[in-house]
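*Asks:* The structure file model.txt (compact mmCIF, C-alpha atoms (C1' of nucleotides)) is provided below.
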# COMPACT_ATOMS: atom_id res chain seq x y z
CA MET A 1 0.00 0.00 0.00
CA TYR A 2 1.23 3.43 -0.90
CA PHE A 3 0.34 6.81 0.46
CA ILE A 4 0.84 10.08 -1.32
CA ASN A 5 -0.57 13.01 0.59
CA ASN A 6 -2.77 10.65 2.59
CA LYS A 7 -4.30 9.23 -0.55
CA GLU A 8 -3.84 5.50 -0.70
CA PHE A 9 -3.00 3.29 -3.64
CA LYS A 10 -3.03 -0.49 -3.89
CA CYS A 11 -0.56 -0.64 -6.73
CA SER A 12 2.13 1.57 -8.26
CA ILE A 13 0.32 1.74 -11.56
CA ASN A 14 -2.64 3.36 -9.85
CA VAL A 15 -0.44 6.23 -8.77
CA THR A 16 0.35 6.99 -12.38
CA LEU A 17 -3.17 6.40 -13.60
CA ASP A 18 -4.58 8.63 -10.89
CA ILE A 19 -2.35 11.57 -11.73
CA PHE A 20 -3.04 11.37 -15.43
CA ASN A 21 -6.69 10.40 -15.48
CA ASP A 22 -7.85 13.67 -16.94
CA ARG A 23 -7.97 14.89 -20.48
CA TRP A 24 -4.98 17.20 -20.60
CA LYS A 25 -1.99 16.50 -18.39
CA LEU A 26 -0.26 13.97 -20.62
CA SER A 27 -0.79 16.24 -23.57
CA ILE A 28 0.94 19.05 -21.73
CA ILE A 29 3.86 16.77 -20.86
CA TRP A 30 4.09 15.72 -24.48
CA HIS A 31 4.62 19.29 -25.56
CA LEU A 32 7.02 20.12 -22.75
CA LEU A 33 9.18 17.19 -23.81
CA GLN A 34 10.21 19.37 -26.74
CA GLY A 35 11.68 21.89 -24.35
CA GLU A 36 10.54 24.57 -21.98
CA LYS A 37 7.60 26.66 -23.05
CA ARG A 38 5.78 29.80 -22.13
CA PHE A 39 2.14 29.74 -21.14
CA LYS A 40 1.15 31.22 -24.46
CA ASP A 41 3.06 28.63 -26.43
CA LEU A 42 1.40 25.76 -24.61
CA ASN A 43 -1.95 27.38 -25.18
CA GLU A 44 -1.24 27.48 -28.89
CA ASP A 45 0.19 23.99 -29.05
CA ILE A 46 -2.91 22.59 -27.41
CA SER A 47 -5.34 24.85 -29.18
CA GLU A 48 -8.46 23.11 -27.87
CA ILE A 49 -7.73 23.80 -24.21
CA THR A 50 -9.01 26.95 -22.54
CA GLN A 51 -6.78 29.31 -20.62
CA LYS A 52 -8.52 28.47 -17.41
CA THR A 53 -8.14 24.73 -17.74
CA LEU A 54 -4.51 25.08 -18.79
CA THR A 55 -3.83 27.20 -15.73
CA ILE A 56 -5.40 24.62 -13.45
CA LYS A 57 -3.60 21.69 -15.02
CA LEU A 58 -0.23 23.44 -14.89
CA LYS A 59 -0.78 24.16 -11.23
CA GLU A 60 -1.64 20.54 -10.51
CA LEU A 61 1.45 19.33 -12.34
CA GLU A 62 3.60 21.77 -10.43
CA GLU A 63 2.16 20.61 -7.11
CA LYS A 64 2.96 17.04 -8.01
CA ASN A 65 6.56 17.97 -8.81
CA ILE A 66 6.25 17.07 -12.45
CA ILE A 67 6.90 20.51 -13.92
CA ASN A 68 8.78 23.64 -12.90
CA ARG A 69 7.34 27.12 -13.10
CA GLU A 70 9.74 29.99 -13.54
CA VAL A 71 8.55 33.58 -13.41
CA PHE A 72 10.53 36.35 -15.06
CA PRO A 73 9.84 39.72 -13.45
CA GLU A 74 9.29 41.57 -16.71
CA VAL A 75 6.57 43.61 -18.24
CA PRO A 76 4.72 42.09 -19.93
CA PRO A 77 5.08 39.05 -17.67
CA LYS A 78 6.89 35.96 -18.81
CA VAL A 79 6.39 32.53 -17.28
CA VAL A 80 8.27 29.49 -18.46
CA TYR A 81 7.32 25.91 -17.78
CA SER A 82 9.68 22.97 -17.96
CA LEU A 83 9.80 19.35 -16.87
CA THR A 84 11.33 18.20 -13.61
CA GLU A 85 13.25 14.94 -13.32
CA ALA A 86 9.99 13.13 -12.66
CA GLY A 87 8.46 14.84 -15.65
CA LEU A 88 11.30 13.92 -17.96
CA ARG A 89 10.93 10.33 -16.90
CA LEU A 90 7.53 10.30 -18.59
CA LYS A 91 9.16 10.32 -22.00
CA PRO A 92 9.13 6.54 -22.37
CA VAL A 93 5.44 6.50 -21.48
CA LEU A 94 4.56 9.09 -24.10
CA ASP A 95 6.82 7.49 -26.68
CA GLU A 96 5.04 4.19 -26.26
CA MET A 97 1.68 5.92 -26.49
CA TYR A 98 2.80 7.63 -29.64
CA ASP A 99 3.99 4.38 -31.21
CA TRP A 100 0.75 2.70 -30.26
CA GLY A 101 -1.20 5.49 -31.89
CA VAL A 102 0.79 5.20 -35.10
CA LYS A 103 0.07 1.50 -35.34
CA TYR A 104 -3.57 1.91 -34.38
CA VAL A 105 -4.08 4.56 -37.05
CA SER A 106 -2.43 2.37 -39.65
CA GLU A 107 -5.01 -0.30 -38.90
CA TYR A 108 -8.16 1.63 -38.22
CA GLY A 109 -7.67 5.17 -39.47
CA LYS A 110 -7.49 7.21 -42.60
CA ILE A 111 -4.56 9.50 -43.21
CA THR A 112 -4.12 12.76 -45.09
CA GLU A 113 -0.51 13.87 -45.00
CA ASP A 114 -1.29 17.57 -45.00
CA ASN A 115 -1.92 19.62 -41.94
CA MET A 116 -0.01 17.32 -39.66
CA CYS A 117 1.43 18.67 -36.43
CA TYR A 118 5.12 19.48 -36.28
CA THR A 119 5.84 16.72 -33.82
CA GLU A 120 4.45 14.24 -36.26
CA LEU A 121 6.41 15.64 -39.16
CA ASN A 122 9.65 15.71 -37.19
CA ARG A 123 9.22 12.06 -36.30
CA LYS A 124 8.71 11.11 -39.91
CA LYS A 125 12.19 12.31 -40.86
CA MET B 1 -4.20 14.52 -40.26
CA TYR B 2 -5.85 11.32 -39.21
CA PHE B 3 -9.45 10.29 -39.25
CA ILE B 4 -10.96 7.55 -37.18
CA ASN B 5 -14.71 7.30 -37.55
CA ASN B 6 -14.82 10.84 -38.91
CA LYS B 7 -13.08 12.16 -35.84
CA GLU B 8 -9.93 14.02 -36.74
CA PHE B 9 -6.56 14.04 -35.02
CA LYS B 10 -3.58 16.27 -35.64
CA CYS B 11 -1.06 13.81 -34.28
CA SER B 12 -0.84 10.11 -33.56
CA ILE B 13 -0.39 10.65 -29.87
CA ASN B 14 -3.75 12.34 -29.72
CA VAL B 15 -5.40 9.18 -30.95
CA THR B 16 -4.05 7.31 -27.96
CA LEU B 17 -4.74 10.09 -25.51
CA ASP B 18 -8.28 10.46 -26.77
CA ILE B 19 -9.14 6.81 -26.33
CA PHE B 20 -7.73 6.62 -22.84
CA ASN B 21 -8.70 10.00 -21.47
CA ASP B 22 -11.10 8.60 -18.92
CA ARG B 23 -10.55 7.16 -15.51
CA TRP B 24 -10.88 3.45 -16.16
CA LYS B 25 -9.89 2.08 -19.56
CA LEU B 26 -6.17 1.75 -18.93
CA SER B 27 -6.90 0.15 -15.61
CA ILE B 28 -9.04 -2.45 -17.34
CA ILE B 29 -6.29 -3.14 -19.87
CA TRP B 30 -3.80 -3.52 -17.05
CA HIS B 31 -5.83 -6.31 -15.51
CA LEU B 32 -6.56 -8.00 -18.83
CA LEU B 33 -2.83 -8.16 -19.50
CA GLN B 34 -2.77 -10.91 -16.90
CA GLY B 35 -5.05 -13.01 -19.06
CA GLU B 36 -8.67 -13.20 -20.05
CA LYS B 37 -11.20 -12.43 -17.38
CA ARG B 38 -14.88 -12.68 -16.70
CA PHE B 39 -16.96 -9.62 -16.00
CA LYS B 40 -17.16 -10.50 -12.34
CA ASP B 41 -13.41 -10.89 -12.02
CA LEU B 42 -12.75 -7.49 -13.51
CA ASN B 43 -15.33 -5.98 -11.21
CA GLU B 44 -13.51 -7.48 -8.26
CA ASP B 45 -10.05 -6.52 -9.50
CA ILE B 46 -11.14 -2.93 -9.90
CA SER B 47 -13.28 -2.81 -6.82
CA GLU B 48 -13.94 0.93 -6.99
CA ILE B 49 -15.68 0.78 -10.35
CA THR B 50 -19.43 0.31 -10.56
CA GLN B 51 -21.06 -2.38 -12.68
CA LYS B 52 -22.60 0.21 -14.89
CA THR B 53 -19.38 2.05 -15.62
CA LEU B 54 -17.50 -1.19 -16.19
CA THR B 55 -20.14 -2.25 -18.70
CA ILE B 56 -19.85 1.03 -20.58
CA LYS B 57 -16.07 1.02 -20.65
CA LEU B 58 -15.90 -2.59 -21.82
CA LYS B 59 -18.31 -1.77 -24.62
CA GLU B 60 -16.22 1.22 -25.70
CA LEU B 61 -13.05 -0.86 -25.70
CA GLU B 62 -14.74 -3.54 -27.74
CA GLU B 63 -15.97 -0.99 -30.29
CA LYS B 64 -12.44 0.31 -30.66
CA ASN B 65 -11.13 -3.20 -31.30
CA ILE B 66 -9.02 -3.25 -28.18
CA ILE B 67 -10.73 -6.11 -26.40
CA ASN B 68 -12.67 -9.22 -27.41
CA ARG B 69 -15.96 -10.21 -25.85
CA GLU B 70 -16.86 -13.88 -25.87
CA VAL B 71 -20.23 -15.06 -24.67
CA PHE B 72 -20.75 -18.62 -23.46
CA PRO B 73 -24.37 -19.72 -23.79
CA GLU B 74 -24.66 -21.11 -20.31
CA VAL B 75 -26.85 -20.58 -17.31
CA PRO B 76 -25.79 -18.64 -15.39
CA PRO B 77 -24.25 -16.61 -18.21
CA LYS B 78 -20.52 -16.45 -18.72
CA VAL B 79 -18.76 -13.68 -20.61
CA VAL B 80 -15.04 -13.57 -21.05
CA TYR B 81 -13.01 -10.54 -22.03
CA SER B 82 -9.56 -10.65 -23.55
CA LEU B 83 -7.18 -8.33 -25.35
CA THR B 84 -6.98 -8.07 -29.11
CA GLU B 85 -3.70 -7.56 -30.93
CA ALA B 86 -4.13 -3.82 -30.51
CA GLY B 87 -4.88 -4.34 -26.84
CA LEU B 88 -1.85 -6.50 -26.26
CA ARG B 89 0.30 -3.83 -27.84
CA LEU B 90 -0.56 -1.59 -24.90
CA LYS B 91 1.66 -3.63 -22.62
CA PRO B 92 4.72 -1.43 -23.14
CA VAL B 93 2.64 1.63 -22.33
CA LEU B 94 1.36 0.18 -19.09
CA ASP B 95 4.76 -1.21 -18.16
CA GLU B 96 6.29 2.22 -18.52
CA MET B 97 3.48 3.74 -16.48
CA TYR B 98 4.05 1.14 -13.81
CA ASP B 99 7.78 1.82 -13.69
CA TRP B 100 7.14 5.53 -13.50
CA GLY B 101 4.76 4.99 -10.61
CA VAL B 102 7.31 2.91 -8.72
CA LYS B 103 9.93 5.62 -9.04
CA TYR B 104 7.49 8.40 -8.21
CA VAL B 105 6.35 6.61 -5.07
CA SER B 106 9.95 6.06 -3.99
CA GLU B 107 10.46 9.80 -4.15
CA TYR B 108 7.19 11.23 -2.95
CA GLY B 109 5.23 8.45 -1.29
CA LYS B 110 5.09 6.39 1.84
CA ILE B 111 4.97 2.62 1.63
CA THR B 112 3.48 -0.09 3.82
CA GLU B 113 4.28 -3.49 2.41
CA ASP B 114 1.07 -5.13 3.59
CA ASN B 115 -2.13 -5.18 1.63
CA MET B 116 -0.44 -4.76 -1.71
CA CYS B 117 -2.19 -5.94 -4.83
CA TYR B 118 -1.15 -9.24 -6.39
CA THR B 119 0.24 -7.58 -9.48
CA GLU B 120 2.55 -5.59 -7.30
CA LEU B 121 3.63 -8.59 -5.32
CA ASN B 122 4.24 -10.67 -8.44
CA ARG B 123 6.44 -7.96 -9.84
CA LYS B 124 8.50 -7.84 -6.68
CA LYS B 125 9.60 -11.44 -7.10
C1' DC C 1 1.29 38.23 -21.27
C1' DA C 2 -0.38 35.35 -17.91
C1' DG C 3 -3.25 34.85 -15.32
C1' DC C 4 -8.00 35.41 -12.07
C1' DA C 5 -13.03 35.75 -11.37
C1' DT C 6 -17.65 34.41 -12.69
C1' DC C 7 -21.11 32.05 -14.42
C1' DC C 8 -22.73 28.01 -16.65
C1' DC C 9 -23.22 23.43 -18.63
C1' DC C 10 -22.56 18.78 -19.71
C1' DT C 11 -21.42 14.30 -18.91
C1' DA C 12 -18.60 10.81 -16.69
C1' DA C 13 -19.46 8.34 -12.99
C1' DG C 14 -21.97 6.83 -8.68
C1' DA C 15 -26.13 4.66 -6.17
C1' DT C 16 -29.73 1.69 -6.30
C1' DA C 17 -32.98 -1.50 -8.04
C1' DC C 18 -34.38 -4.90 -11.34
C1' DT C 19 -34.01 -9.09 -14.98
C1' DG C 20 -33.02 -13.01 -18.50
C1' DC D 1 -23.77 -13.98 -13.69
C1' DA D 2 -23.84 -10.25 -16.51
C1' DG D 3 -25.83 -7.13 -17.41
C1' DT D 4 -30.21 -2.99 -17.94
C1' DA D 5 -32.83 0.95 -16.31
C1' DT D 6 -33.28 5.27 -13.65
C1' DC D 7 -32.10 8.89 -11.15
C1' DT D 8 -28.71 11.94 -9.28
C1' DT D 9 -24.49 14.49 -8.60
C1' DA D 10 -19.81 16.37 -8.66
C1' DG D 11 -16.61 18.65 -10.97
C1' DG D 12 -14.14 18.95 -15.27
C1' DG D 13 -14.30 21.99 -18.56
C1' DG D 14 -16.19 26.00 -21.59
C1' DA D 15 -17.17 31.18 -22.45
C1' DT D 16 -16.40 35.67 -21.38
C1' DG D 17 -14.57 39.63 -19.16
C1' DC D 18 -11.14 41.91 -16.20
C1' DT D 19 -6.26 43.12 -14.28
C1' DG D 20 -1.19 43.80 -12.70
Can I see the file as structure tokens?
*Replies:*
Amino acid sequence: MYFINNKEFKCSINVTLDIFNDRWKLSIIWHLLQGEKRFKDLNEDISEITQKTLTIKLKELEEKNIINREVFPEVPPKVVYSLTEAGLRLKPVLDEMYDWGVKYVSEYGKITEDNMCYTELNRKK
Amino acid sequence: MYFINNKEFKCSINVTLDIFNDRWKLSIIWHLLQGEKRFKDLNEDISEITQKTLTIKLKELEEKNIINREVFPEVPPKVVYSLTEAGLRLKPVLDEMYDWGVKYVSEYGKITEDNMCYTELNRKK
DNA sequence: CAGCATCCCCTAAGATACTG
DNA sequence: CAGTATCTTAGGGGATGCTG
């Protein structure tokens, strides 16, 4: 049995599943794996997310020690997010999810090469 | 751009994230990786899930060709769920999530060895 | 620019009861 | 045993406007 902030888990996998059981966190990690990003950049990368939800999710990830938040005292303000050690360790997870998606699409999806995201195009090289 | 049932995705990873963006599907896969299971067994393995939700999630996974559903015409009824090829390919994903959880717990959690789930105990061997 | 503050809505998920 | 059928609820998430 594991306890993290008085929340108990029967199995290690449940710790991971519990943290990432929402719609956005893994997506945020995916984009931060390309390097640190400003709030605005993340908001553009994940165009479907609202500012409010992004703010909440970033805060949650910071509390769980998965990302760092660095504030630059400038005007206009500049805030940069980056992955912690724990965050960087998620790369294998996301890579496997990506690979699974590629295979799944090849079996059950239809593809149009245009309008693909940059991550996708970079991987194709 | 990818299309799966007229739903469009900018990147392969989004296909994966979209399928598993709820609270239970990956947990179900995790347990099915140990072998085929009856409805009742899954319901006991994941004791927090309700019958209704389990039914819905199993149906969704079947529709997405991730699990098989086999009905035995007996009384009382017997239904066995197992992973398809696509489902089995999720093993690396779950394994990486498990490993991440182990490491995360070692850094931020407290452990009591008793009352651990069988998966956890098997892995310790 | 990077956020709060509000207000609002939908739906994933829970609780409970019933059936072939 | 393996599900339906209802009813209900919490909270994740959206839309919009404001501020240091």
*Asks:* May I ask you to extract the residues of chain A within 9 Å of chain B, using all atoms listed in the file, and to give them as a VMD selection string?
*Replies:* chain A and resid 1 to 6 9 to 18 20 to 24 26 to 27 30 64 to 65 86 89 to 90 92 to 105 108 to 120
*Asks:* What are the residues of chain A lining chain C at 7 Å or less? Count all atoms listed in the file, and put the answer as a list in words.
*Replies:*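 The contacting residues on chain A are Phe39, Pro76, Pro77 and Lys78 of chain A.
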*Asks:* Restrict the distance test to all atoms listed in the file, flag each residue of chain A within 9 Å of chain D, and return the flagged residues as a list in words.
*Replies:* Asp22, Ile49, Thr50, Lys52 and Thr53 of chain A
*Asks:* Interatomic distance between CA of Leu88 (chain A) and CA of Leu88 (chain B)?
*Replies:* 25.7 Å
*Asks:* Using all atoms listed in the file, pick whichever of B:Leu83, B:Leu42, B:Val75, B:Leu32 has the shortest atom-to-atom distance to Glu62 (chain B).
*Replies:*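 Closest candidate: B:Leu83.
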*Asks:* Measure the distance from CA of Ile67 (chain A) to CA of Ser82 (chain A) in Å and round it to one decimal.
*Replies:* 5.5 Å
*Asks:* Using CA of Asp45 (chain A) and CA of Pro73 (chain A) as the two end points, give the distance in Å to one decimal.
*Replies:*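 According to the coordinates, CA of Asp45 (chain A) and CA of Pro73 (chain A) are separated by 24.2 Å.
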